[in-house]
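S.K.: Data file final-v5.cif (mmCIF, C-alpha atoms and all ligand atoms; chains and numbers go by the auth columns) is appended below.
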data_final
#
loop_
_atom_site.group_PDB
_atom_site.id
_atom_site.type_symbol
_atom_site.label_atom_id
_atom_site.label_comp_id
_atom_site.label_asym_id
_atom_site.label_seq_id
_atom_site.Cartn_x
_atom_site.Cartn_y
_atom_site.Cartn_z
_atom_site.B_iso_or_equiv
_atom_site.auth_seq_id
_atom_site.auth_asym_id
ATOM 1 C CA MET A 1 -21.063 -0.171 -0.553 0.00 248 I
ATOM 2 C CA LEU A 2 -20.167 1.427 2.749 0.00 249 I
ATOM 3 C CA ASP A 3 -23.768 2.598 3.106 0.00 250 I
ATOM 4 C CA VAL A 4 -24.938 -0.997 2.617 0.00 251 I
ATOM 5 C CA VAL A 5 -22.616 -2.228 5.361 0.00 252 I
ATOM 6 C CA THR A 6 -23.767 0.616 7.625 0.00 253 I
ATOM 7 C CA PHE A 7 -27.420 -0.241 6.925 0.00 254 I
ATOM 8 C CA VAL A 8 -26.790 -3.869 7.894 0.00 255 I
ATOM 9 C CA GLN A 9 -25.122 -2.790 11.129 0.00 256 I
ATOM 10 C CA ARG A 10 -27.805 -0.259 12.057 0.00 257 I
ATOM 11 C CA HIS A 11 -30.901 -2.220 11.068 0.00 258 I
ATOM 12 C CA LEU A 12 -30.088 -5.925 10.836 0.00 259 I
ATOM 13 C CA ASP A 13 -27.143 -6.848 13.066 0.00 260 I
ATOM 14 C CA ALA A 14 -25.870 -4.292 15.563 0.00 261 I
ATOM 15 C CA SER A 15 -22.942 -6.554 16.447 0.00 262 I
ATOM 16 C CA LEU A 16 -21.380 -6.294 12.960 0.00 263 I
ATOM 17 C CA ALA A 17 -17.805 -4.972 13.211 0.00 264 I
ATOM 18 C CA TYR A 18 -16.339 -2.940 10.329 0.00 265 I
ATOM 19 C CA ARG A 19 -13.994 -0.007 9.927 0.00 266 I
ATOM 20 C CA PHE A 20 -14.216 3.354 8.197 0.00 267 I
ATOM 21 C CA ALA A 21 -13.296 6.974 8.901 0.00 268 I
ATOM 22 C CA CYS A 22 -13.400 9.584 6.138 0.00 269 I
ATOM 23 C CA ARG A 23 -16.112 8.212 3.770 0.00 270 I
ATOM 24 C CA VAL A 24 -14.522 10.134 0.871 0.00 271 I
ATOM 25 C CA GLY A 25 -11.604 7.991 -0.318 0.00 272 I
ATOM 26 C CA MET A 26 -8.870 9.581 1.783 0.00 273 I
ATOM 27 C CA CYS A 27 -8.147 7.309 4.727 0.00 274 I
ATOM 28 C CA GLY A 28 -8.319 3.848 3.135 0.00 275 I
ATOM 29 C CA SER A 29 -9.703 2.255 6.293 0.00 276 I
ATOM 30 C CA CYS A 30 -12.949 1.035 4.674 0.00 277 I
ATOM 31 C CA ALA A 31 -11.205 -1.488 2.397 0.00 278 I
ATOM 32 C CA MET A 32 -13.032 -4.828 2.193 0.00 279 I
ATOM 33 C CA THR A 33 -13.498 -7.655 -0.274 0.00 280 I
ATOM 34 C CA VAL A 34 -16.661 -7.175 -2.322 0.00 281 I
ATOM 35 C CA ASN A 35 -17.733 -9.883 -4.750 0.00 282 I
ATOM 36 C CA GLY A 36 -14.246 -11.330 -4.580 0.00 283 I
ATOM 37 C CA THR A 37 -12.285 -8.122 -5.234 0.00 284 I
ATOM 38 C CA PRO A 38 -10.624 -5.802 -2.709 0.00 285 I
ATOM 39 C CA ARG A 39 -12.102 -2.287 -2.883 0.00 286 I
ATOM 40 C CA TRP A 40 -12.605 0.936 -0.975 0.00 287 I
ATOM 41 C CA THR A 41 -16.246 0.448 0.006 0.00 288 I
ATOM 42 C CA CYS A 42 -16.935 4.185 0.392 0.00 289 I
ATOM 43 C CA ARG A 43 -16.034 4.831 -3.255 0.00 290 I
ATOM 44 C CA THR A 44 -17.667 1.756 -4.750 0.00 291 I
ATOM 45 C CA HIS A 45 -21.167 2.019 -6.190 0.00 292 I
ATOM 46 C CA VAL A 46 -23.408 -0.985 -5.713 0.00 293 I
ATOM 47 C CA ASP A 47 -24.723 -0.677 -9.282 0.00 294 I
ATOM 48 C CA ALA A 48 -21.245 -1.062 -10.677 0.00 295 I
ATOM 49 C CA ILE A 49 -20.520 -4.391 -9.026 0.00 296 I
ATOM 50 C CA ALA A 50 -23.812 -6.151 -8.189 0.00 297 I
ATOM 51 C CA LYS A 51 -24.337 -7.258 -11.770 0.00 298 I
ATOM 52 C CA ARG A 52 -26.382 -10.312 -10.830 0.00 299 I
ATOM 53 C CA GLY A 53 -28.114 -8.662 -7.897 0.00 300 I
ATOM 54 C CA VAL A 54 -25.785 -10.326 -5.393 0.00 301 I
ATOM 55 C CA LEU A 55 -23.302 -8.712 -3.010 0.00 302 I
ATOM 56 C CA GLU A 56 -20.826 -10.766 -1.002 0.00 303 I
ATOM 57 C CA ILE A 57 -18.836 -8.765 1.510 0.00 304 I
ATOM 58 C CA ALA A 58 -15.777 -10.146 3.303 0.00 305 I
ATOM 59 C CA PRO A 59 -12.713 -8.781 5.106 0.00 306 I
ATOM 60 C CA LEU A 60 -9.528 -8.042 3.138 0.00 307 I
ATOM 61 C CA ALA A 61 -7.570 -11.153 2.173 0.00 308 I
ATOM 62 C CA ASN A 62 -3.976 -11.918 3.242 0.00 309 I
ATOM 63 C CA LEU A 63 -4.452 -10.376 6.709 0.00 310 I
ATOM 64 C CA PRO A 64 -5.540 -11.862 10.035 0.00 311 I
ATOM 65 C CA ILE A 65 -9.188 -11.165 10.879 0.00 312 I
ATOM 66 C CA VAL A 66 -9.943 -9.381 14.143 0.00 313 I
ATOM 67 C CA ARG A 67 -13.719 -9.823 13.818 0.00 314 I
ATOM 68 C CA ASP A 68 -16.320 -9.798 11.028 0.00 315 I
ATOM 69 C CA LEU A 69 -15.040 -7.280 8.405 0.00 316 I
ATOM 70 C CA VAL A 70 -12.128 -5.924 10.460 0.00 317 I
ATOM 71 C CA THR A 71 -8.601 -7.070 9.654 0.00 318 I
ATOM 72 C CA ASP A 72 -5.470 -6.718 11.739 0.00 319 I
ATOM 73 C CA MET A 73 -3.148 -4.376 9.760 0.00 320 I
ATOM 74 C CA ARG A 74 -0.109 -4.914 11.983 0.00 321 I
ATOM 75 C CA THR A 75 1.643 -7.339 9.607 0.00 322 I
ATOM 76 C CA PHE A 76 1.079 -4.894 6.760 0.00 323 I
ATOM 77 C CA PHE A 77 2.682 -1.976 8.591 0.00 324 I
ATOM 78 C CA ASP A 78 5.413 -4.137 10.129 0.00 325 I
ATOM 79 C CA LYS A 79 6.464 -4.848 6.560 0.00 326 I
ATOM 80 C CA TRP A 80 6.660 -1.100 5.815 0.00 327 I
ATOM 81 C CA SER A 81 9.026 -0.941 8.727 0.00 328 I
ATOM 82 C CA ARG A 82 11.058 -3.946 7.514 0.00 329 I
ATOM 83 C CA ALA A 83 11.329 -2.265 4.086 0.00 330 I
ATOM 84 C CA HIS A 84 12.706 0.868 5.837 0.00 331 I
ATOM 85 C CA GLY A 85 9.560 2.775 4.909 0.00 332 I
ATOM 86 C CA GLN A 86 10.419 5.612 7.302 0.00 333 I
ATOM 87 C CA PHE A 87 12.072 8.765 6.008 0.00 334 I
ATOM 88 C CA LYS A 88 15.535 9.373 7.473 0.00 335 I
ATOM 89 C CA GLY A 89 16.859 12.864 6.913 0.00 336 I
ATOM 90 C CA GLU A 90 19.919 14.611 8.323 0.00 337 I
ATOM 91 C CA THR A 91 18.568 18.088 9.092 0.00 338 I
ATOM 92 C CA THR A 92 17.298 19.187 12.490 0.00 339 I
ATOM 93 C CA ARG A 93 14.365 21.367 13.473 0.00 340 I
ATOM 94 C CA ARG A 94 16.741 24.337 13.580 0.00 341 I
ATOM 95 C CA ASP A 95 17.625 24.019 9.890 0.00 342 I
ATOM 96 C CA GLU A 96 15.654 25.438 6.994 0.00 343 I
ATOM 97 C CA PHE A 97 13.097 23.097 5.497 0.00 344 I
ATOM 98 C CA ALA A 98 14.773 20.701 3.060 0.00 345 I
ATOM 99 C CA THR A 99 13.101 21.327 -0.263 0.00 346 I
ATOM 100 C CA VAL A 100 12.519 19.146 -3.297 0.00 347 I
ATOM 101 C CA ARG A 101 11.866 21.021 -6.503 0.00 348 I
ATOM 102 C CA PRO A 102 8.537 19.862 -8.027 0.00 349 I
ATOM 103 C CA ASP A 103 10.095 19.864 -11.490 0.00 350 I
ATOM 104 C CA SER A 104 13.235 17.924 -10.515 0.00 351 I
ATOM 105 C CA PRO A 105 13.661 14.554 -12.284 0.00 352 I
ATOM 106 C CA GLU A 106 13.763 12.704 -8.946 0.00 353 I
ATOM 107 C CA ARG A 107 10.472 14.234 -7.766 0.00 354 I
ATOM 108 C CA ARG A 108 8.789 13.507 -11.077 0.00 355 I
ATOM 109 C CA HIS A 109 10.107 9.987 -10.955 0.00 356 I
ATOM 110 C CA ALA A 110 8.477 9.437 -7.568 0.00 357 I
ATOM 111 C CA ASP A 111 5.134 10.855 -8.743 0.00 358 I
ATOM 112 C CA ALA A 112 3.720 7.468 -9.661 0.00 359 I
ATOM 113 C CA SER A 113 4.151 6.212 -6.097 0.00 360 I
ATOM 114 C CA ILE A 114 3.995 9.076 -3.658 0.00 361 I
ATOM 115 C CA GLU A 115 0.270 9.264 -2.859 0.00 362 I
ATOM 116 C CA CYS A 116 -0.102 5.865 -1.170 0.00 363 I
ATOM 117 C CA ILE A 117 -2.444 5.974 1.822 0.00 364 I
ATOM 118 C CA GLY A 118 -1.778 2.474 3.117 0.00 365 I
ATOM 119 C CA CYS A 119 -5.229 1.016 2.467 0.00 366 I
ATOM 120 C CA GLY A 120 -3.917 -2.529 1.897 0.00 367 I
ATOM 121 C CA ILE A 121 -5.929 -3.215 -1.268 0.00 368 I
ATOM 122 C CA CYS A 122 -2.816 -4.021 -3.293 0.00 369 I
ATOM 123 C CA TYR A 123 -1.567 -6.270 -0.494 0.00 370 I
ATOM 124 C CA ALA A 124 -4.863 -8.172 -0.384 0.00 371 I
ATOM 125 C CA SER A 125 -4.742 -8.714 -4.138 0.00 372 I
ATOM 126 C CA CYS A 126 -1.177 -10.054 -4.292 0.00 373 I
ATOM 127 C CA ASP A 127 -0.826 -13.792 -4.986 0.00 374 I
ATOM 128 C CA VAL A 128 2.809 -13.811 -3.877 0.00 375 I
ATOM 129 C CA VAL A 129 1.802 -12.537 -0.415 0.00 376 I
ATOM 130 C CA ARG A 130 -0.727 -15.397 -0.315 0.00 377 I
ATOM 131 C CA TRP A 131 1.899 -18.005 -1.239 0.00 378 I
ATOM 132 C CA ARG A 132 4.798 -16.519 0.724 0.00 379 I
ATOM 133 C CA PRO A 133 3.528 -14.675 3.790 0.00 380 I
ATOM 134 C CA GLU A 134 6.989 -13.233 4.462 0.00 381 I
ATOM 135 C CA PHE A 135 6.995 -11.325 1.110 0.00 382 I
ATOM 136 C CA LEU A 136 7.140 -7.603 1.868 0.00 383 I
ATOM 137 C CA GLY A 137 4.306 -6.911 -0.557 0.00 384 I
ATOM 138 C CA PRO A 138 3.483 -4.129 -3.009 0.00 385 I
ATOM 139 C CA ALA A 139 2.724 -1.279 -0.597 0.00 386 I
ATOM 140 C CA ALA A 140 5.914 -1.600 1.467 0.00 387 I
ATOM 141 C CA LEU A 141 8.037 -1.953 -1.664 0.00 388 I
ATOM 142 C CA ASN A 142 6.263 0.974 -3.314 0.00 389 I
ATOM 143 C CA ARG A 143 7.058 3.043 -0.225 0.00 390 I
ATOM 144 C CA ALA A 144 10.715 1.965 -0.331 0.00 391 I
ATOM 145 C CA PHE A 145 10.852 3.023 -3.994 0.00 392 I
ATOM 146 C CA THR A 146 9.419 6.445 -3.089 0.00 393 I
ATOM 147 C CA LEU A 147 12.138 6.988 -0.495 0.00 394 I
ATOM 148 C CA VAL A 148 14.896 5.687 -2.772 0.00 395 I
ATOM 149 C CA ASN A 149 13.882 8.587 -5.043 0.00 396 I
ATOM 150 C CA ASP A 150 13.759 11.162 -2.243 0.00 397 I
ATOM 151 C CA VAL A 151 16.926 13.258 -2.510 0.00 398 I
ATOM 152 C CA ARG A 152 16.667 14.288 1.162 0.00 399 I
ATOM 153 C CA ASP A 153 16.700 10.726 2.493 0.00 400 I
ATOM 154 C CA ARG A 154 19.930 9.255 3.899 0.00 401 I
ATOM 155 C CA ASP A 155 18.977 5.599 4.409 0.00 402 I
ATOM 156 C CA GLY A 156 19.502 4.486 0.811 0.00 403 I
ATOM 157 C CA VAL A 157 21.947 1.580 1.109 0.00 404 I
ATOM 158 C CA ALA A 158 20.345 0.096 4.249 0.00 405 I
ATOM 159 C CA ARG A 159 16.940 0.320 2.572 0.00 406 I
ATOM 160 C CA MET A 160 18.199 -1.355 -0.579 0.00 407 I
ATOM 161 C CA ARG A 161 19.671 -4.162 1.513 0.00 408 I
ATOM 162 C CA ALA A 162 16.313 -4.548 3.252 0.00 409 I
ATOM 163 C CA VAL A 163 14.317 -4.875 0.036 0.00 410 I
ATOM 164 C CA ALA A 164 16.847 -6.902 -1.977 0.00 411 I
ATOM 165 C CA GLY A 165 16.544 -10.078 0.105 0.00 412 I
ATOM 166 C CA ASP A 166 14.559 -13.254 -0.612 0.00 413 I
ATOM 167 C CA ALA A 167 11.248 -11.831 0.561 0.00 414 I
ATOM 168 C CA GLY A 168 11.806 -8.481 -1.144 0.00 415 I
ATOM 169 C CA CYS A 169 11.375 -7.021 -4.614 0.00 416 I
ATOM 170 C CA HIS A 170 12.882 -9.970 -6.498 0.00 417 I
ATOM 171 C CA ALA A 171 10.060 -12.242 -5.285 0.00 418 I
ATOM 172 C CA CYS A 172 7.443 -10.190 -7.173 0.00 419 I
ATOM 173 C CA HIS A 173 6.056 -11.984 -10.225 0.00 420 I
ATOM 174 C CA THR A 174 5.058 -8.753 -12.002 0.00 421 I
ATOM 175 C CA GLN A 175 1.493 -9.929 -12.583 0.00 422 I
ATOM 176 C CA GLY A 176 0.169 -6.477 -11.796 0.00 423 I
ATOM 177 C CA SER A 177 -2.919 -7.131 -9.651 0.00 424 I
ATOM 178 C CA CYS A 178 -1.681 -4.469 -7.234 0.00 425 I
ATOM 179 C CA THR A 179 -1.467 -1.841 -9.966 0.00 426 I
ATOM 180 C CA ASN A 180 -4.788 -2.857 -11.545 0.00 427 I
ATOM 181 C CA LEU A 181 -6.656 -2.479 -8.265 0.00 428 I
ATOM 182 C CA CYS A 182 -4.950 0.446 -6.507 0.00 429 I
ATOM 183 C CA PRO A 183 -7.743 3.006 -6.031 0.00 430 I
ATOM 184 C CA LYS A 184 -5.192 5.841 -6.086 0.00 431 I
ATOM 185 C CA HIS A 185 -4.018 4.709 -9.534 0.00 432 I
ATOM 186 C CA LEU A 186 -0.478 4.160 -8.317 0.00 433 I
ATOM 187 C CA ALA A 187 1.832 1.689 -9.987 0.00 434 I
ATOM 188 C CA PRO A 188 3.507 -0.577 -7.416 0.00 435 I
ATOM 189 C CA THR A 189 4.413 -3.064 -10.153 0.00 436 I
ATOM 190 C CA SER A 190 6.586 -0.472 -11.925 0.00 437 I
ATOM 191 C CA ALA A 191 8.045 0.730 -8.620 0.00 438 I
ATOM 192 C CA ILE A 192 9.047 -2.846 -7.762 0.00 439 I
ATOM 193 C CA ALA A 193 10.501 -3.420 -11.228 0.00 440 I
ATOM 194 C CA GLU A 194 12.643 -0.347 -10.743 0.00 441 I
ATOM 195 C CA LEU A 195 13.715 -1.494 -7.280 0.00 442 I
ATOM 196 C CA LYS A 196 14.848 -4.757 -8.875 0.00 443 I
ATOM 197 C CA ARG A 197 17.063 -2.815 -11.300 0.00 444 I
ATOM 198 C CA THR A 198 18.366 -0.430 -8.638 0.00 445 I
ATOM 199 C CA THR A 199 19.240 -3.172 -6.162 0.00 446 I
ATOM 200 C CA ALA A 200 20.823 -5.349 -8.869 0.00 447 I
ATOM 201 C CA ASN A 201 23.017 -2.430 -9.975 0.00 448 I
ATOM 202 C CA ALA A 202 23.953 -1.672 -6.364 0.00 449 I
ATOM 203 C CA ALA A 203 24.868 -5.339 -5.823 0.00 450 I
ATOM 204 C CA LEU A 204 27.064 -5.292 -8.949 0.00 451 I
ATOM 205 C CA ARG A 205 28.821 -2.209 -7.573 0.00 452 I
ATOM 206 C CA GLY A 206 29.437 -4.131 -4.333 0.00 453 I
ATOM 207 C CA GLN A 207 27.295 -1.730 -2.244 0.00 454 I
ATOM 208 C CA LEU A 208 25.047 -4.372 -0.697 0.00 455 I
ATOM 209 C CA GLY A 209 27.774 -6.739 0.530 0.00 456 I
HETATM 210 S S1 LIG B . -0.372 1.342 -3.265 0.00 501 I
HETATM 211 FE FE1 LIG B . -2.538 1.862 -3.634 0.00 501 I
HETATM 212 S S2 LIG B . -3.675 0.011 -3.032 0.00 501 I
HETATM 213 FE FE2 LIG B . -1.630 -0.162 -2.150 0.00 501 I
HETATM 214 S S3 LIG B . -1.824 0.627 -0.058 0.00 501 I
HETATM 215 FE FE3 LIG B . -1.139 2.340 -1.381 0.00 501 I
HETATM 216 S S4 LIG B . -3.015 3.371 -2.014 0.00 501 I
HETATM 217 FE FE4 LIG B . -3.633 1.369 -1.225 0.00 501 I
HETATM 218 S S1 LIG B . 2.962 -7.200 -9.321 0.00 502 I
HETATM 219 FE FE1 LIG B . 4.172 -8.142 -7.682 0.00 502 I
HETATM 220 S S2 LIG B . 3.580 -7.067 -5.793 0.00 502 I
HETATM 221 FE FE2 LIG B . 2.009 -6.584 -7.394 0.00 502 I
HETATM 222 S S3 LIG B . 0.387 -8.110 -7.029 0.00 502 I
HETATM 223 FE FE3 LIG B . 1.775 -8.975 -8.589 0.00 502 I
HETATM 224 S S4 LIG B . 3.303 -10.206 -7.433 0.00 502 I
HETATM 225 FE FE4 LIG B . 2.222 -8.841 -5.947 0.00 502 I
HETATM 226 S S1 LIG B . -13.766 5.582 4.634 0.00 503 I
HETATM 227 FE FE1 LIG B . -11.870 6.556 4.178 0.00 503 I
HETATM 228 S S2 LIG B . -11.343 5.760 2.220 0.00 503 I
HETATM 229 FE FE2 LIG B . -13.285 4.888 2.629 0.00 503 I
#
Reformat the file's structure so that it appears as structure tokens.
Ligand code: SF4
Ligand code: SF4
Ligand code: FES

M.R.:
Amino acid sequence: MLDVVTFVQRHLDASLAYRFACRVGMCGSCAMTVNGTPRWTCRTHVDAIAKRGVLEIAPLANLPIVRDLVTDMRTFFDKWSRAHGQFKGETTRRDEFATVRPDSPERRHADASIECIGCGICYASCDVVRWRPEFLGPAALNRAFTLVNDVRDRDGVARMRAVAGDAGCHACHTQGSCTNLCPKHLAPTSAIAELKRTTANAALRGQLG
């Protein structure tokens, strides 16, 4: 699909704006809507989706459009920030590297979520984001879940407070579009379900007050 878009830009309309970088499914920047579904265009074969010989290409949904096929990702990453998606450790550069054993239960638990590259496909597929633009969305919540399971992180309670609010994990309807479409085969729906349990337990213990 990315080759089709590139052909259009090079041969039919030089003004067409679109975004890509790696062309091999690593950066996530080529995400667009193709025949109604958000996809990485560089990893999508035309044959697989142009069943009736028609291709309709549009920018990702649920994000402001900068121009043509280019969306403004600022809201998406602002929500990572609101969900405390940044790692907060306590060691300094003078300390030994903090290690996480690959076979530890916590590391294995985070496996289903850790490889997110921030492409926004899950976010574009989420009906709750469409209905409630303030909803943090699957990628930010998936990131929060990853850090909740990182034994080196020290921002746990503040992060849980951030994702337990009205626009956080409890607003997810568990319909699973995010998980069905994630090209990295991650499972934001399960991560969010677990955040719901973790934050509910923390609230019962009086930690989020
Ligand atoms: S969870 Fe998957 S679809 Fe969502 S931003 Fe990360 S890699 Fe992309
Ligand atoms: S499972 Fe939740 S976060 Fe994922 S698409 Fe559905 S409502 Fe959105
Ligand atoms: S161009 Fe990087 S994932 Fe498609």

S.K.: Need the shell around range 310-324 of chain I: protein/DNA/RNA residues with any atom at most 7 Å away, counting all atoms listed in the file. Skip same-chain ones fewer than 5 positions apart. Format as a PyMOL selection string?

M.R.: chain I and resi 263-266+279+305

S.K.: Which residue is closest to Ile439 in chain I? Choose from I:Val398, I:Ala387, I:Leu455, I:Val271 and count all atoms listed in the file.

M.R.: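 Among the listed residues, I:Ala387 lies closest to Ile439 in chain I.
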
S.K.: Find the residues near range 339-352 of chain I: any atom within 12 Å, counting all atoms listed in the file, skip ones fewer than 2 places away on the same chain, and give them as number ranges by chain.

M.R.: I: 335-337, 354-358, 396-400

S.K.: What is the distance, in Å and to one decimal place, between CA of Ala391 in chain I and CA of Met407 in chain I?

M.R.: 8.2 Å

S.K.: Could you list, as a ChimeraX atom specification, all the residues within 6 Å of ligand LIG 502 (chain I), counting all atoms listed in the file?

M.R.: /I:372-375,384-385,419-425,436

S.K.: Pick out the closest residue to Glu353 in chain I from this set: I:Thr253, I:Arg452, I:Leu394, I:Lys326. Count all atoms listed in the file.

M.R.: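 Result for the nearest residue to Glu353 in chain I: I:Leu394.
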
S.K.: Calculated over only C-alpha atoms and all ligand atoms, which of the candidates I:Thr291, I:Asn282, I:Ser262, I:Ser437 has the smallest distance to ligand LIG 503 (chain I)?

M.R.: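 Of all the options, I:Thr291 lies closest to ligand LIG 503 (chain I).
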
S.K.: On this structure, the PyMOL selection byres (((not hetatm)) within 7 of (chain I and resi 501)) would catch which residues? List them as a PyMOL selection string, sorted by chain and number.

M.R.: chain I and resi 275+362-370+385-386+389+425+428-433+435

S.K.: Please give me, as a PyMOL selection string, the residues lying within 9 Å of ligand LIG 503 (chain I) when counting all atoms listed in the file.

M.R.: chain I and resi 249+266-278+287-290+364+366

S.K.: Emit the selected residues as a PDB file, keeping the file's coordinate frame, including C-alpha atoms.

M.R.:
ATOM      1  CA  LEU I 249     -20.167   1.427   2.749  1.00  0.00           C
ATOM      2  CA  ARG I 266     -13.994  -0.007   9.927  1.00  0.00           C
ATOM      3  CA  PHE I 267     -14.216   3.354   8.197  1.00  0.00           C
ATOM      4  CA  ALA I 268     -13.296   6.974   8.901  1.00  0.00           C
ATOM      5  CA  CYS I 269     -13.400   9.584   6.138  1.00  0.00           C
ATOM      6  CA  ARG I 270     -16.112   8.212   3.770  1.00  0.00           C
ATOM      7  CA  VAL I 271     -14.522  10.134   0.871  1.00  0.00           C
ATOM      8  CA  GLY I 272     -11.604   7.991  -0.318  1.00  0.00           C
ATOM      9  CA  MET I 273      -8.870   9.581   1.783  1.00  0.00           C
ATOM     10  CA  CYS I 274      -8.147   7.309   4.727  1.00  0.00           C
ATOM     11  CA  GLY I 275      -8.319   3.848   3.135  1.00  0.00           C
ATOM     12  CA  SER I 276      -9.703   2.255   6.293  1.00  0.00           C
ATOM     13  CA  CYS I 277     -12.949   1.035   4.674  1.00  0.00           C
ATOM     14  CA  ALA I 278     -11.205  -1.488   2.397  1.00  0.00           C
ATOM     15  CA  TRP I 287     -12.605   0.936  -0.975  1.00  0.00           C
ATOM     16  CA  THR I 288     -16.246   0.448   0.006  1.00  0.00           C
ATOM     17  CA  CYS I 289     -16.935   4.185   0.392  1.00  0.00           C
ATOM     18  CA  ARG I 290     -16.034   4.831  -3.255  1.00  0.00           C
ATOM     19  CA  ILE I 364      -2.444   5.974   1.822  1.00  0.00           C
ATOM     20  CA  CYS I 366      -5.229   1.016   2.467  1.00  0.00           C
TER      21      CYS I 366
END

S.K.: Please expand the PyMOL selection byres (((chain I and resi 409) around 10) and not hetatm) into the concrete residues it hits in this file, giving the result as a compact mmCIF listing (two decimals) with C-alpha atoms, keeping the file's coordinate frame.

M.R.:
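Dumped to out18.txt:
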# COMPACT_ATOMS: atom_id res chain seq x y z
CA SER I 328 9.03 -0.94 8.73
CA ARG I 329 11.06 -3.95 7.51
CA ALA I 330 11.33 -2.26 4.09
CA HIS I 331 12.71 0.87 5.84
CA LEU I 383 7.14 -7.60 1.87
CA LEU I 388 8.04 -1.95 -1.66
CA ALA I 391 10.72 1.96 -0.33
CA GLY I 403 19.50 4.49 0.81
CA VAL I 404 21.95 1.58 1.11
CA ALA I 405 20.34 0.10 4.25
CA ARG I 406 16.94 0.32 2.57
CA MET I 407 18.20 -1.36 -0.58
CA ARG I 408 19.67 -4.16 1.51
CA VAL I 410 14.32 -4.88 0.04
CA ALA I 411 16.85 -6.90 -1.98
CA GLY I 412 16.54 -10.08 0.10
CA ASP I 413 14.56 -13.25 -0.61
CA ALA I 414 11.25 -11.83 0.56
CA GLY I 415 11.81 -8.48 -1.14
CA CYS I 416 11.38 -7.02 -4.61
CA THR I 446 19.24 -3.17 -6.16
CA LEU I 455 25.05 -4.37 -0.70
